[in-house]
Structures are given as structure tokens and as C-alpha cells.
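Student: Input structure: entry_31.cif, which contains mmCIF, C-alpha atoms.
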```cif
data_work
loop_
_atom_site.label_atom_id
_atom_site.label_comp_id
_atom_site.auth_asym_id
_atom_site.auth_seq_id
_atom_site.Cartn_x
_atom_site.Cartn_y
_atom_site.Cartn_z
CA MET A 647 102.13 99.91 74.63
CA ARG A 648 100.16 96.72 75.24
CA ALA A 649 97.03 97.18 77.35
CA TYR A 650 93.40 96.14 77.86
CA VAL A 651 91.56 99.38 77.12
CA VAL A 652 87.88 99.73 78.03
CA ASN A 653 86.00 102.13 75.72
CA LYS A 654 82.47 101.11 76.73
CA TRP A 655 80.87 98.89 79.36
CA VAL A 656 81.29 95.29 78.24
CA HIS A 657 81.84 91.89 79.77
CA PRO A 658 85.61 91.29 79.98
CA SER A 659 85.32 88.39 77.53
CA GLU A 660 84.76 91.04 74.84
CA LEU A 661 87.98 92.93 75.59
CA LYS A 662 91.01 92.63 73.34
CA LEU A 663 94.67 93.27 74.07
CA VAL A 664 95.84 96.21 71.97
CA ASP A 665 99.47 97.04 71.23
CA ASN A 666 99.05 100.74 70.47
CA ALA A 667 97.72 102.10 73.76
CA PRO A 668 99.23 105.44 74.82
CA GLU A 669 101.91 105.22 77.48
CA PRO A 670 100.79 106.60 80.85
CA LYS A 671 101.92 110.09 81.86
CA ALA A 672 102.75 110.83 85.47
CA ALA A 673 101.02 113.80 87.09
CA GLY A 674 101.41 115.31 90.53
CA ASP A 675 102.62 112.68 92.99
CA GLU A 676 102.62 109.84 90.46
CA ILE A 677 105.48 107.64 89.31
CA ILE A 678 105.65 105.38 86.26
CA VAL A 679 106.11 101.67 86.92
CA ASP A 680 107.13 98.97 84.46
CA VAL A 681 104.63 96.21 85.24
CA TYR A 682 106.16 92.74 85.62
CA SER A 683 103.12 90.98 87.15
CA SER A 684 99.48 91.88 87.77
CA ALA A 685 96.77 90.24 89.87
CA LEU A 686 93.24 89.39 88.78
CA ASN A 687 90.40 90.42 91.07
CA PHE A 688 86.71 89.61 90.91
CA PHE A 689 85.90 93.31 90.81
CA ASP A 690 87.78 93.59 87.49
CA ILE A 691 84.93 91.59 85.99
CA LEU A 692 82.40 93.99 87.48
CA GLN A 693 84.34 97.16 86.62
CA SER A 694 84.56 96.42 82.91
CA GLN A 695 80.75 96.17 82.89
CA GLY A 696 80.15 99.33 84.91
CA LYS A 697 78.91 97.31 87.89
CA TYR A 698 81.67 98.28 90.33
CA GLN A 699 81.65 101.34 92.59
CA VAL A 700 84.80 102.70 90.92
CA LYS A 701 83.89 103.85 87.39
CA PRO A 702 86.80 105.58 85.63
CA PRO A 703 86.00 107.81 82.65
CA PHE A 704 86.42 106.23 79.20
CA PRO A 705 88.81 105.18 77.90
CA PHE A 706 90.55 103.44 80.78
CA THR A 707 92.79 100.43 81.23
CA LEU A 708 91.60 97.50 83.34
CA GLY A 709 93.53 96.02 86.25
CA ALA A 710 94.21 97.25 89.77
CA GLU A 711 97.17 95.42 91.36
CA PHE A 712 100.77 95.20 90.21
CA ALA A 713 104.37 94.43 91.02
CA GLY A 714 107.20 95.86 88.99
CA LYS A 715 110.04 98.34 88.77
CA VAL A 716 110.00 102.11 88.85
CA ALA A 717 110.66 103.02 85.20
CA LYS A 718 114.09 104.40 84.35
CA ASP A 719 112.59 107.63 82.96
CA SER A 720 109.93 108.05 85.68
CA PRO A 721 109.68 111.42 87.37
CA ILE A 722 110.27 111.25 91.13
CA PRO A 723 107.89 113.57 93.02
CA LYS A 724 108.97 115.44 96.13
CA GLY A 725 108.82 113.17 99.16
CA CYS A 726 108.75 109.95 97.13
CA PRO A 727 111.16 107.38 98.66
CA TYR A 728 111.58 105.41 95.44
CA LYS A 729 114.05 105.79 92.58
CA PRO A 730 114.19 104.31 89.08
CA GLY A 731 114.89 100.58 89.22
CA ASP A 732 113.33 100.03 92.66
CA ARG A 733 111.09 96.98 92.97
CA VAL A 734 107.62 97.95 94.17
CA PHE A 735 104.10 96.57 94.47
CA GLY A 736 100.85 98.42 94.84
CA GLN A 737 97.50 99.50 93.46
CA ALA A 738 96.58 101.71 90.53
CA GLN A 739 94.02 101.79 87.75
CA GLY A 740 95.42 100.25 84.58
CA CYS A 741 97.66 97.36 85.63
CA PHE A 742 96.81 95.05 82.71
CA ALA A 743 99.42 96.86 80.65
CA ASP A 744 103.16 97.22 80.16
CA GLN A 745 103.29 100.39 82.27
CA VAL A 746 101.08 102.12 84.80
CA ALA A 747 101.00 105.52 86.51
CA VAL A 748 100.89 105.10 90.29
CA LYS A 749 100.55 107.51 93.19
CA TRP A 750 103.74 106.79 95.08
CA GLN A 751 101.74 106.62 98.32
CA ALA A 752 99.88 103.61 96.84
CA ALA A 753 103.10 101.65 96.37
CA ASN A 754 105.26 99.67 98.79
CA ARG A 755 108.76 98.33 98.43
CA LEU A 756 108.68 94.67 97.34
CA PRO A 757 110.52 92.48 99.88
CA ASP A 758 113.78 91.07 98.51
CA ASN A 759 112.66 87.49 99.06
CA MET A 760 109.48 87.84 96.97
CA THR A 761 109.03 87.40 93.24
CA TYR A 762 106.97 89.83 91.19
CA ASP A 763 104.30 87.13 90.88
CA GLN A 764 104.06 86.88 94.66
CA GLY A 765 104.07 90.64 95.14
CA ALA A 766 101.41 91.42 92.55
CA GLY A 767 98.58 90.12 94.72
CA LEU A 768 99.52 91.66 98.06
CA PHE A 769 98.13 95.17 98.03
CA ILE A 770 94.36 94.63 98.25
CA THR A 771 93.61 91.21 99.73
CA TRP A 772 96.16 91.17 102.55
CA PRO A 773 95.34 94.50 104.24
CA THR A 774 91.63 93.90 103.63
CA SER A 775 91.74 90.61 105.50
CA TYR A 776 94.09 91.86 108.21
CA GLU A 777 91.99 94.92 109.00
CA ALA A 778 88.80 92.83 108.85
CA LEU A 779 90.12 90.36 111.41
CA VAL A 780 92.15 92.68 113.63
CA GLY A 781 90.69 96.15 113.25
CA ARG A 782 87.02 95.28 112.81
CA ALA A 783 86.24 91.86 114.31
CA GLU A 784 89.10 92.03 116.86
CA LEU A 785 89.72 88.29 116.52
CA LYS A 786 91.43 86.91 119.62
CA PRO A 787 93.63 83.86 120.23
CA GLY A 788 91.49 80.84 121.08
CA GLU A 789 88.40 82.11 119.26
CA SER A 790 86.86 80.29 116.30
CA ILE A 791 86.25 81.69 112.83
CA LEU A 792 84.33 80.46 109.79
CA VAL A 793 85.89 81.63 106.51
CA HIS A 794 83.70 81.41 103.41
CA ALA A 795 85.20 80.93 99.92
CA ALA A 796 88.29 79.99 101.88
CA ALA A 797 90.28 78.80 98.86
CA GLY A 798 89.82 82.10 97.01
CA GLY A 799 92.07 85.16 96.89
CA VAL A 800 90.87 86.89 100.06
CA GLY A 801 89.68 83.67 101.70
CA ILE A 802 93.02 81.87 101.75
CA VAL A 803 94.58 85.06 103.13
CA ALA A 804 92.00 85.19 105.93
CA VAL A 805 92.66 81.55 106.78
CA GLN A 806 96.41 82.15 107.09
CA LEU A 807 96.02 85.35 109.09
CA ALA A 808 93.46 83.84 111.46
CA LYS A 809 95.84 80.93 112.15
CA ALA A 810 98.69 83.37 112.75
CA LEU A 811 96.46 85.24 115.21
CA GLY A 812 95.86 82.03 117.18
CA ALA A 813 92.27 81.27 116.13
CA THR A 814 90.67 77.94 115.30
CA VAL A 815 89.84 78.13 111.60
CA ILE A 816 86.92 76.41 109.88
CA ALA A 817 87.33 76.81 106.12
CA ALA A 818 84.21 76.63 103.95
CA ALA A 819 84.20 76.01 100.20
CA GLY A 820 82.10 74.30 97.54
CA SER A 821 84.23 71.31 96.55
CA GLN A 822 86.54 68.78 98.13
CA SER A 823 89.47 69.91 95.99
CA LYS A 824 89.13 73.45 97.30
CA LEU A 825 88.75 72.23 100.86
CA ASP A 826 92.00 70.30 100.43
CA ILE A 827 93.70 73.53 99.31
CA CYS A 828 92.45 75.27 102.46
CA LYS A 829 94.22 72.69 104.60
CA THR A 830 97.33 72.19 102.48
CA TYR A 831 98.10 75.83 101.70
CA GLY A 832 96.13 77.76 104.30
CA GLY A 833 96.55 75.53 107.32
CA ALA A 834 92.83 75.39 108.19
CA ASP A 835 91.95 73.28 111.24
CA TYR A 836 88.61 72.06 109.87
CA THR A 837 86.69 72.23 106.60
CA VAL A 838 83.01 72.22 105.64
CA ASN A 839 81.34 72.04 102.23
CA TYR A 840 78.66 74.72 102.11
CA THR A 841 76.91 73.09 99.15
CA GLU A 842 75.81 70.22 101.41
CA LYS A 843 72.46 70.33 103.15
CA ASP A 844 72.53 71.60 106.75
CA TRP A 845 76.26 72.30 106.62
CA GLN A 846 75.78 74.60 109.60
CA LYS A 847 75.26 71.52 111.81
CA GLU A 848 78.83 70.45 111.08
CA VAL A 849 80.07 73.88 112.22
CA LEU A 850 78.05 73.52 115.42
CA ARG A 851 79.46 70.04 115.97
CA ILE A 852 83.03 71.30 115.55
CA THR A 853 82.43 74.15 118.01
CA GLY A 854 80.71 71.99 120.60
CA GLY A 855 77.33 73.55 119.91
CA LYS A 856 78.49 77.09 120.62
CA GLY A 857 78.93 78.32 117.05
CA VAL A 858 81.80 80.41 115.69
CA ASN A 859 82.87 83.72 117.18
CA VAL A 860 83.54 85.29 113.78
CA VAL A 861 82.18 84.77 110.26
CA TYR A 862 84.30 86.08 107.38
CA ASP A 863 82.23 86.33 104.20
CA PRO A 864 83.36 87.62 100.78
CA VAL A 865 80.54 85.79 98.98
CA GLY A 866 77.12 86.62 100.42
CA ARG A 867 76.46 83.87 102.99
CA ILE A 868 75.96 85.88 106.16
CA ALA A 869 72.25 85.05 106.45
CA GLU A 870 72.73 81.28 106.37
CA SER A 871 75.74 81.57 108.68
CA LEU A 872 73.59 83.10 111.42
CA LYS A 873 72.47 79.54 112.18
CA CYS A 874 75.98 78.66 113.38
CA ILE A 875 77.32 81.91 114.84
CA ALA A 876 77.93 82.21 118.56
CA PHE A 877 76.26 84.51 121.07
CA LYS A 878 77.86 87.94 120.62
CA GLY A 879 79.42 86.70 117.37
CA ARG A 880 80.80 89.09 114.76
CA ALA A 881 79.90 88.75 111.09
CA LEU A 882 82.24 90.38 108.58
CA VAL A 883 80.75 91.55 105.27
CA VAL A 884 83.73 91.47 102.89
CA GLY A 885 82.01 91.26 99.51
CA PHE A 886 79.27 89.79 97.34
CA ALA A 887 81.07 87.49 94.91
CA ALA A 888 77.89 85.44 94.53
CA GLY A 889 76.43 88.40 92.66
CA GLN A 890 73.59 89.50 94.94
CA ILE A 891 73.52 91.81 97.95
CA GLU A 892 72.07 89.97 100.92
CA LYS A 893 69.05 90.85 102.99
CA LEU A 894 69.53 89.82 106.61
CA PRO A 895 66.92 88.61 109.12
CA LEU A 896 67.57 91.24 111.77
CA ASN A 897 65.57 89.31 114.35
CA MET A 898 68.46 86.80 114.40
CA VAL A 899 70.93 89.64 114.87
CA LEU A 900 68.92 90.83 117.85
CA LEU A 901 68.29 87.43 119.44
CA LYS A 902 71.96 86.37 119.33
CA ASN A 903 73.42 89.80 120.14
CA ILE A 904 75.36 89.64 116.87
CA SER A 905 77.45 92.43 115.39
CA VAL A 906 77.42 92.76 111.58
CA MET A 907 80.30 94.86 110.27
CA GLY A 908 81.70 95.79 106.89
CA ILE A 909 85.23 96.20 105.62
CA PHE A 910 86.10 98.38 102.63
CA TRP A 911 89.86 98.87 102.77
CA GLY A 912 89.87 101.37 99.91
CA LEU A 913 88.06 103.91 102.09
CA TYR A 914 90.91 104.09 104.59
CA THR A 915 92.94 106.29 102.22
CA SER A 916 90.49 109.15 102.77
CA LYS A 917 88.88 108.27 106.11
CA GLU A 918 91.71 106.84 108.23
CA PRO A 919 95.06 107.15 106.42
CA SER A 920 97.01 106.85 109.67
CA ARG A 921 95.90 103.22 109.95
CA ILE A 922 97.45 102.15 106.61
CA PRO A 923 101.17 102.16 107.59
CA ILE A 924 100.33 100.38 110.84
CA VAL A 925 98.61 97.54 108.99
CA TRP A 926 101.47 97.22 106.50
CA GLU A 927 104.09 97.20 109.24
CA GLU A 928 102.27 94.31 110.92
CA LEU A 929 101.81 92.42 107.64
CA LEU A 930 105.38 92.81 106.44
CA GLY A 931 106.54 91.63 109.86
CA LEU A 932 104.41 88.51 109.53
CA PHE A 933 105.78 87.87 106.03
CA ALA A 934 109.34 88.26 107.29
CA SER A 935 108.65 85.79 110.10
CA GLY A 936 107.42 83.17 107.63
CA ARG A 937 104.10 82.78 109.45
CA ILE A 938 102.20 83.84 106.34
CA LYS A 939 103.00 83.68 102.61
CA PRO A 940 101.35 84.52 99.28
CA ILE A 941 99.41 81.62 97.78
CA ILE A 942 99.32 81.72 93.97
CA TYR A 943 97.08 79.71 91.65
CA ASP A 944 99.16 77.10 89.85
CA LYS A 945 98.36 78.48 86.38
CA VAL A 946 100.07 81.85 85.82
CA PHE A 947 98.52 83.63 82.83
CA SER A 948 100.32 85.76 80.26
CA LEU A 949 99.15 89.28 79.41
CA ASP A 950 97.34 88.06 76.30
CA GLU A 951 95.45 85.56 78.49
CA VAL A 952 93.87 88.09 80.89
CA THR A 953 90.35 87.35 79.63
CA VAL A 954 90.98 83.61 80.00
CA GLY A 955 92.05 84.15 83.60
CA LEU A 956 89.06 86.36 84.39
CA ASP A 957 86.76 83.72 82.91
CA ALA A 958 88.31 81.04 85.14
CA LEU A 959 87.91 83.38 88.12
CA GLU A 960 84.28 84.09 87.28
CA ARG A 961 83.55 80.37 86.92
CA ARG A 962 85.05 79.66 90.39
CA GLN A 963 87.69 77.42 88.83
CA THR A 964 90.65 79.08 90.56
CA TRP A 965 92.10 79.18 94.07
CA GLY A 966 94.51 81.49 95.82
CA LYS A 967 95.58 84.63 94.00
CA VAL A 968 95.39 84.53 90.20
CA ILE A 969 98.39 86.18 88.57
CA VAL A 970 99.17 87.59 85.13
CA ARG A 971 102.85 87.68 84.19
CA VAL A 972 103.45 90.72 82.01
CA LYS A 973 107.23 90.37 81.72
CA ASP A 974 109.25 87.18 82.16
CA GLU A 975 112.52 88.89 83.04
CA GLU A 976 113.77 88.64 86.62
CA GLN A 977 111.05 86.25 87.77
CA ARG A 978 113.86 83.94 88.80
CA ILE A 979 114.18 85.29 92.35
CA VAL A 980 113.73 82.40 94.78
CA ALA A 981 111.30 83.29 97.55
CA LYS A 982 112.38 82.15 101.01
CA LEU A 983 108.94 82.33 102.61
#
```
Just dump the structure as C-alpha cells.

Tutor:
Amino acid sequence: MRAYVVNKWVHPSELKLVDNAPEPKAAGDEIIVDVYSSALNFFDILQSQGKYQVKPPFPFTLGAEFAGKVAKDSPIPKGCPYKPGDRVFGQAQGCFADQVAVKWQAANRLPDNMTYDQGAGLFITWPTSYEALVGRAELKPGESILVHAAAGGVGIVAVQLAKALGATVIAAAGSQSKLDICKTYGGADYTVNYTEKDWQKEVLRITGGKGVNVVYDPVGRIAESLKCIAFKGRALVVGFAAGQIEKLPLNMVLLKNISVMGIFWGLYTSKEPSRIPIVWEELLGLFASGRIKPIIYDKVFSLDEVTVGLDALERRQTWGKVIVRVKDEEQRIVAKL
């Protein structure tokens, strides 16, 4: 089987695609899925180096998100609603490979009007952003939100969801081309370039001096965003893609009555599993309505180009969700979103 196997902590640029990896074996409540498409995530870059909170024992296969078919010879555990041949998407360790073993509870049925490429990037970014905005920040219609790295995988999702929830969206990114993507694909109302000096003044101008009600930050820009957050604003800590964990001036938190809150969707499986189906029901309803849709980077990588794709992701050269196409068959489905 083809796979990217990690035998020691290395930068992903040092990984090689092997063609003799052992096929995964299902255990307990697992099923085997033939992977048709996988998604690249920034944490893949960290995980291969041992810098991510999830550290599987060696050897392990890289990759965490997939879309594919339940394998024809897959065991079907008791209670599993899927059968061989069903199209599914989900999360599991080892998705940069031809097959992956998946807990059936970590898989969802792929909507008929979605391709495998579109489905591969749904499982992590969409519920993360939805729960951040709805469950944590409780974003309301008419409120304003500043989304950092708004052209990226989670950012463009947050822009779309915030618009669907009735908010005024200010998208922030580091180049004009990415700002254009935020408007064209995400539907952002306004854009700001956070590489420009005093960019916060533009946010204040847009909001009539009040500042934004919510800041959504997957990068590490909460501290500088406190200059343009509103009284009783909510700051969402989504990640640290810039590479450093921030230290916040808590006097600003006190003086503006700000709430700083985190979102780690992966913890819901053990801490609040009852919330997961609720979030997915809401999301799949929004997809069906056409109010939101997956945004995919215009270069789809092949399995032997995973390291090229991760390099582009690390260099901030991509936008939307970056996809790896493992199998070309049946990618012809025309999405109606």
C-alpha cells in the first residue's frame, strides 16, 4: 500500500511516499475506508516533527482527514450504519495513504452532491468554526466579526459561516490576492491587510469607532486585535499558525470587559459528545441550503505530491482547503452547491 510513514520526528519535506506500507487492520469499532481524497492541515506539518499535541507511536502514517468509500472487505462493527461501498468522509490518523482504519463514529455520510475532493476537508475545519462562532462566541445577527487568515482553510469557513449567521464580516489577510479571495469566495463585507501599519484603525473606521464584537484568530493575533475589539467583545483562540503561543496584556482584557475563549473541537469527543451530532445536523442543513460550500485551493495535489502541498501550506502560498487526490476514479460527480 502507498503511504507516508513516519518512523522518526522529521520535517515533512524529508518524508517519502512508500509503496510497501502494511494495509491497515480494523479493530473494535473501526471500518476500513478506501481513501479517494485527503486534506492537508497545518498541524500535519507539526505532527511529523513531534510538535503537535497528538503524538502517535512510531511508525505511523501522516494525514488526518479523508473522503472515500467503505472498503468492500471491511468489517462492519455492531451499530455501524455504513456498508461496503458507502461514500463517507471523516477523520482518522493515516489518511495520506490508499486505505485507512476509521472509527465509524468519526465518519459521516458524504452528501450525494459533493465530490470526494470537497468532502475531504469537511470534518475538522467546519465543525471547529461552527462551534467557535455559535457554541463559544454566540455570534448574533447584526454583530461584527474580524476573521484573521481569512483566506485559509479555517478562515474562509469562518467567513462563510459568519455571513450565514447574519454578521458583518471583516476579513483580514496579508496580501491583496488573498483579500480578493475572501470577497470572491467567502463573501466578506470588508477586508483589511494586517501587514500594513495601524491596520486596526481601518477596523475601527469600518465599525464606526466601536470595534468588532468578535475576533476569530487561528494565527496568533489576539494581542494586536485588542486595539480594535468592542466593549464586551469576544476573542476566539483557534490556533497558532504563526508558530508562537501569544502572551496577552490582561489589563486590556479587564479594561474592555473582553472574554477570551478557546476552541479545540477534538476534545468534544470525550468531553461533550452529545454536541457533535447537533453541530453536524446544523452544518449539513446549511450545505443543503446552498448558503455555505467547500472552498478548495485551485491546485489539487496527487498523493506523491503531499510534501509539495505541505510546503506550499507552510509558506502561506495557498488559500481555502488544500486537497490531495489519492484516486482519480469517480471524481466526476458534479456538485450542486

Student: Can you work out which one of A:Asp744, A:Glu777, A:Asp844, A:Glu927 has the shortest atom-to-atom distance to A:Gly908, counting all atoms listed in the file?

Tutor: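 Result for the nearest residue to A:Gly908: A:Glu777.
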
Student: Starting from the displayed file, determine the output of the PyMOL selection byres ((chain A and resi 723) around 8) and express the residue list as a PyMOL selection string.

Tutor: chain A and resi 674-677+721-722+724-726

Student: Okay, now the selection with C-alpha atoms, as a short mmCIF file (atom, residue, chain, number, x, y, z; two decimals), keeping the file's coordinate frame?

Tutor:
```cif
data_model
loop_
_atom_site.label_atom_id
_atom_site.label_comp_id
_atom_site.auth_asym_id
_atom_site.auth_seq_id
_atom_site.Cartn_x
_atom_site.Cartn_y
_atom_site.Cartn_z
CA GLY A 674 101.41 115.31 90.53
CA ASP A 675 102.62 112.68 92.99
CA GLU A 676 102.62 109.84 90.46
CA ILE A 677 105.48 107.64 89.31
CA PRO A 721 109.68 111.42 87.37
CA ILE A 722 110.27 111.25 91.13
CA LYS A 724 108.97 115.44 96.13
CA GLY A 725 108.82 113.17 99.16
CA CYS A 726 108.75 109.95 97.13
#
```

Student: Tell me, as a tab-separated table (two decimals) with C-alpha atoms, in the frame of the given file, which residues lie within 12 Å of stretch 892-904 of chain A, counting all atoms listed in the file; anything in the same chain fewer than 4 positions away does not count.

Tutor:
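In the end it all went to result-v3.tsv:
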```tsv
chain	number	residue	atom	x	y	z
A	783	ALA	CA	86.24	91.86	114.31
A	856	LYS	CA	78.49	77.09	120.62
A	857	GLY	CA	78.93	78.32	117.05
A	858	VAL	CA	81.80	80.41	115.69
A	859	ASN	CA	82.87	83.72	117.18
A	860	VAL	CA	83.54	85.29	113.78
A	861	VAL	CA	82.18	84.77	110.26
A	863	ASP	CA	82.23	86.33	104.20
A	864	PRO	CA	83.36	87.62	100.78
A	865	VAL	CA	80.54	85.79	98.98
A	866	GLY	CA	77.12	86.62	100.42
A	867	ARG	CA	76.46	83.87	102.99
A	868	ILE	CA	75.96	85.88	106.16
A	869	ALA	CA	72.25	85.05	106.45
A	870	GLU	CA	72.73	81.28	106.37
A	871	SER	CA	75.74	81.57	108.68
A	872	LEU	CA	73.59	83.10	111.42
A	873	LYS	CA	72.47	79.54	112.18
A	874	CYS	CA	75.98	78.66	113.38
A	875	ILE	CA	77.32	81.91	114.84
A	876	ALA	CA	77.93	82.21	118.56
A	877	PHE	CA	76.26	84.51	121.07
A	878	LYS	CA	77.86	87.94	120.62
A	879	GLY	CA	79.42	86.70	117.37
A	880	ARG	CA	80.80	89.09	114.76
A	881	ALA	CA	79.90	88.75	111.09
A	882	LEU	CA	82.24	90.38	108.58
A	883	VAL	CA	80.75	91.55	105.27
A	884	VAL	CA	83.73	91.47	102.89
A	885	GLY	CA	82.01	91.26	99.51
A	886	PHE	CA	79.27	89.79	97.34
A	887	ALA	CA	81.07	87.49	94.91
A	888	ALA	CA	77.89	85.44	94.53
```

Student: Can you pull out every residue within 9 Å of A:Val970, counting only C-alpha atoms, but drop anything in the same chain fewer than 3 positions away, and send it as a PyMOL selection string?

Tutor: chain A and resi 682-686+742+763+766+946-949+951-952+955

Student: Could you check which residues have any atom within 7 Å of (81.5, 77.8, 104.7), counting only C-alpha atoms with coordinates taken straight from the file, and then list them as a tab-separated table (two decimals) with C-alpha atoms, in the coordinates of the input?

Tutor:
```tsv
chain	number	residue	atom	x	y	z
A	792	LEU	CA	84.33	80.46	109.79
A	793	VAL	CA	85.89	81.63	106.51
A	794	HIS	CA	83.70	81.41	103.41
A	795	ALA	CA	85.20	80.93	99.92
A	817	ALA	CA	87.33	76.81	106.12
A	818	ALA	CA	84.21	76.63	103.95
A	819	ALA	CA	84.20	76.01	100.20
A	838	VAL	CA	83.01	72.22	105.64
A	839	ASN	CA	81.34	72.04	102.23
A	840	TYR	CA	78.66	74.72	102.11
```

Student: Between A:Asn666, A:Ser935, A:Thr771, A:Gln890, which has the minimum distance to A:Glu711 (counting only C-alpha atoms)?

Tutor: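 Checking each candidate against A:Glu711, we get A:Thr771 as the closest.
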
Student: Using all atoms listed in the file, which of A:Val679, A:Val800, A:Ile891, A:Val746 sits nearest A:Ile770?

Tutor: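 Distance minimum relative to A:Ile770 lands on A:Val800.
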
Student: Return the single residue from A:Arg782, A:Lys824, A:Lys967, A:His657 that is closest to A:Lys945, with distances computed using all atoms listed in the file.

Tutor: A:Lys967

Student: Pick the closest to A:Phe712 from A:Ile969, A:Ile827, A:Leu929, A:Val656: which is it, counting only C-alpha atoms?

Tutor: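 For A:Phe712, the nearest of the given residues is A:Ile969.
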
Student: Run the PyMOL selection byres ((chain A and resi 939-943) around 6) mentally over the shown coordinates, then write out the matched residues as a count of residues only, using the chain letters and numbers from the document.

Tutor: 8

Student: Go ahead and compute the interatomic distance for atom CA of A:Ser920 and atom CA of A:Lys809, in Å to one decimal.

Tutor: 26.1 Å

Student: Hey, which of A:Val681, A:Met760, A:Val954, A:Ile802 ends up closest to A:Ala747? Count only C-alpha atoms.

Tutor: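 Checking each candidate against A:Ala747, we get A:Val681 as the closest.
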
Student: List as a ChimeraX atom specification: which residues have an atom within 8 Å of (91.9, 82.6, 117.5), counting all atoms listed in the file?

Tutor: /A:785-791,808-809,811-815

Student: To one decimal place in Å, what is the distance between atom CA of A:Gly889 and atom CA of A:Arg961?

Tutor: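 Atom CA of A:Arg961 lies 12.2 Å from atom CA of A:Gly889.
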
Student: Go through the shown structure with the PyMOL selection byres ((chain A and resi 688-690) around 8) and write out the matching residues as a ChimeraX atom specification.

Tutor: /A:686-687,691-694,698,708-710,887,956,959-960

Student: In Å, rounded to a single decimal, give me how far atom CA of A:Tyr836 is from atom CA of A:Gln822.

Tutor: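 Separation between atom CA of A:Gln822 and atom CA of A:Tyr836: 12.4 Å.
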
Student: So that I can check the surroundings of A:Phe704, please list as a ChimeraX atom specification every protein, DNA and RNA residue that reaches within 9 Å of it, counting all atoms listed in the file and ignoring chain neighbours fewer than 6 positions away.

Tutor: /A:651-654

Student: As AutoDock Vina command-line options, please: the centre and edge lengths in Å, to one decimal, of an axis-aligned box enclosing every listed atom of stretch 762-765 of chain A with 3 Å added on each side.

Tutor:
```
--center_x 105.5 --center_y 88.8 --center_z 93.0 --size_x 8.9 --size_y 9.8 --size_z 10.3
```

Student: Dump N, CA, C and O atoms of stretch 745-757 of chain A from the given block, as a PDB file, in the first residue's frame.

Tutor:
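Saved result, decode13.pdb, follows:
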```pdb
ATOM      1  N   GLN A 745      -5.485   3.382   1.977  1.00  0.00           N
ATOM      2  CA  GLN A 745      -6.547   2.949   2.881  1.00  0.00           C
ATOM      3  C   GLN A 745      -6.270   3.465   4.284  1.00  0.00           C
ATOM      4  O   GLN A 745      -5.123   3.748   4.645  1.00  0.00           O
ATOM      5  N   VAL A 746      -7.339   3.562   5.078  1.00  0.00           N
ATOM      6  CA  VAL A 746      -7.191   4.000   6.450  1.00  0.00           C
ATOM      7  C   VAL A 746      -8.230   3.289   7.314  1.00  0.00           C
ATOM      8  O   VAL A 746      -9.339   2.993   6.856  1.00  0.00           O
ATOM      9  N   ALA A 747      -7.843   2.983   8.555  1.00  0.00           N
ATOM     10  CA  ALA A 747      -8.778   2.424   9.535  1.00  0.00           C
ATOM     11  C   ALA A 747      -9.426   3.578  10.289  1.00  0.00           C
ATOM     12  O   ALA A 747      -8.741   4.473  10.786  1.00  0.00           O
ATOM     13  N   VAL A 748     -10.747   3.561  10.370  1.00  0.00           N
ATOM     14  CA  VAL A 748     -11.511   4.686  10.919  1.00  0.00           C
ATOM     15  C   VAL A 748     -12.528   4.180  11.935  1.00  0.00           C
ATOM     16  O   VAL A 748     -13.241   3.202  11.670  1.00  0.00           O
ATOM     17  N   LYS A 749     -12.594   4.822  13.090  1.00  0.00           N
ATOM     18  CA  LYS A 749     -13.716   4.548  13.990  1.00  0.00           C
ATOM     19  C   LYS A 749     -14.986   5.020  13.290  1.00  0.00           C
ATOM     20  O   LYS A 749     -15.049   6.164  12.843  1.00  0.00           O
ATOM     21  N   TRP A 750     -15.982   4.157  13.196  1.00  0.00           N
ATOM     22  CA  TRP A 750     -17.146   4.530  12.401  1.00  0.00           C
ATOM     23  C   TRP A 750     -17.841   5.765  12.963  1.00  0.00           C
ATOM     24  O   TRP A 750     -18.481   6.519  12.225  1.00  0.00           O
ATOM     25  N   GLN A 751     -17.664   6.017  14.261  1.00  0.00           N
ATOM     26  CA  GLN A 751     -18.263   7.218  14.861  1.00  0.00           C
ATOM     27  C   GLN A 751     -17.582   8.492  14.372  1.00  0.00           C
ATOM     28  O   GLN A 751     -18.141   9.582  14.516  1.00  0.00           O
ATOM     29  N   ALA A 752     -16.373   8.374  13.800  1.00  0.00           N
ATOM     30  CA  ALA A 752     -15.632   9.530  13.293  1.00  0.00           C
ATOM     31  C   ALA A 752     -15.803   9.692  11.789  1.00  0.00           C
ATOM     32  O   ALA A 752     -14.989  10.329  11.124  1.00  0.00           O
ATOM     33  N   ALA A 753     -16.870   9.092  11.259  1.00  0.00           N
ATOM     34  CA  ALA A 753     -17.174   9.215   9.838  1.00  0.00           C
ATOM     35  C   ALA A 753     -18.613   9.690   9.665  1.00  0.00           C
ATOM     36  O   ALA A 753     -19.478   9.389  10.492  1.00  0.00           O
ATOM     37  N   ASN A 754     -18.850  10.423   8.609  1.00  0.00           N
ATOM     38  CA  ASN A 754     -20.193  10.863   8.230  1.00  0.00           C
ATOM     39  C   ASN A 754     -20.447  10.458   6.788  1.00  0.00           C
ATOM     40  O   ASN A 754     -19.509  10.314   5.991  1.00  0.00           O
ATOM     41  N   ARG A 755     -21.715  10.334   6.442  1.00  0.00           N
ATOM     42  CA  ARG A 755     -22.065  10.018   5.065  1.00  0.00           C
ATOM     43  C   ARG A 755     -21.818  11.248   4.185  1.00  0.00           C
ATOM     44  O   ARG A 755     -22.244  12.356   4.526  1.00  0.00           O
ATOM     45  N   LEU A 756     -21.113  11.056   3.080  1.00  0.00           N
ATOM     46  CA  LEU A 756     -20.816  12.164   2.168  1.00  0.00           C
ATOM     47  C   LEU A 756     -22.081  12.513   1.378  1.00  0.00           C
ATOM     48  O   LEU A 756     -22.674  11.638   0.743  1.00  0.00           O
ATOM     49  N   PRO A 757     -22.517  13.781   1.428  1.00  0.00           N
ATOM     50  CA  PRO A 757     -23.700  14.174   0.656  1.00  0.00           C
ATOM     51  C   PRO A 757     -23.558  13.827  -0.821  1.00  0.00           C
ATOM     52  O   PRO A 757     -22.469  13.913  -1.394  1.00  0.00           O
TER      53      PRO A 757
END
```
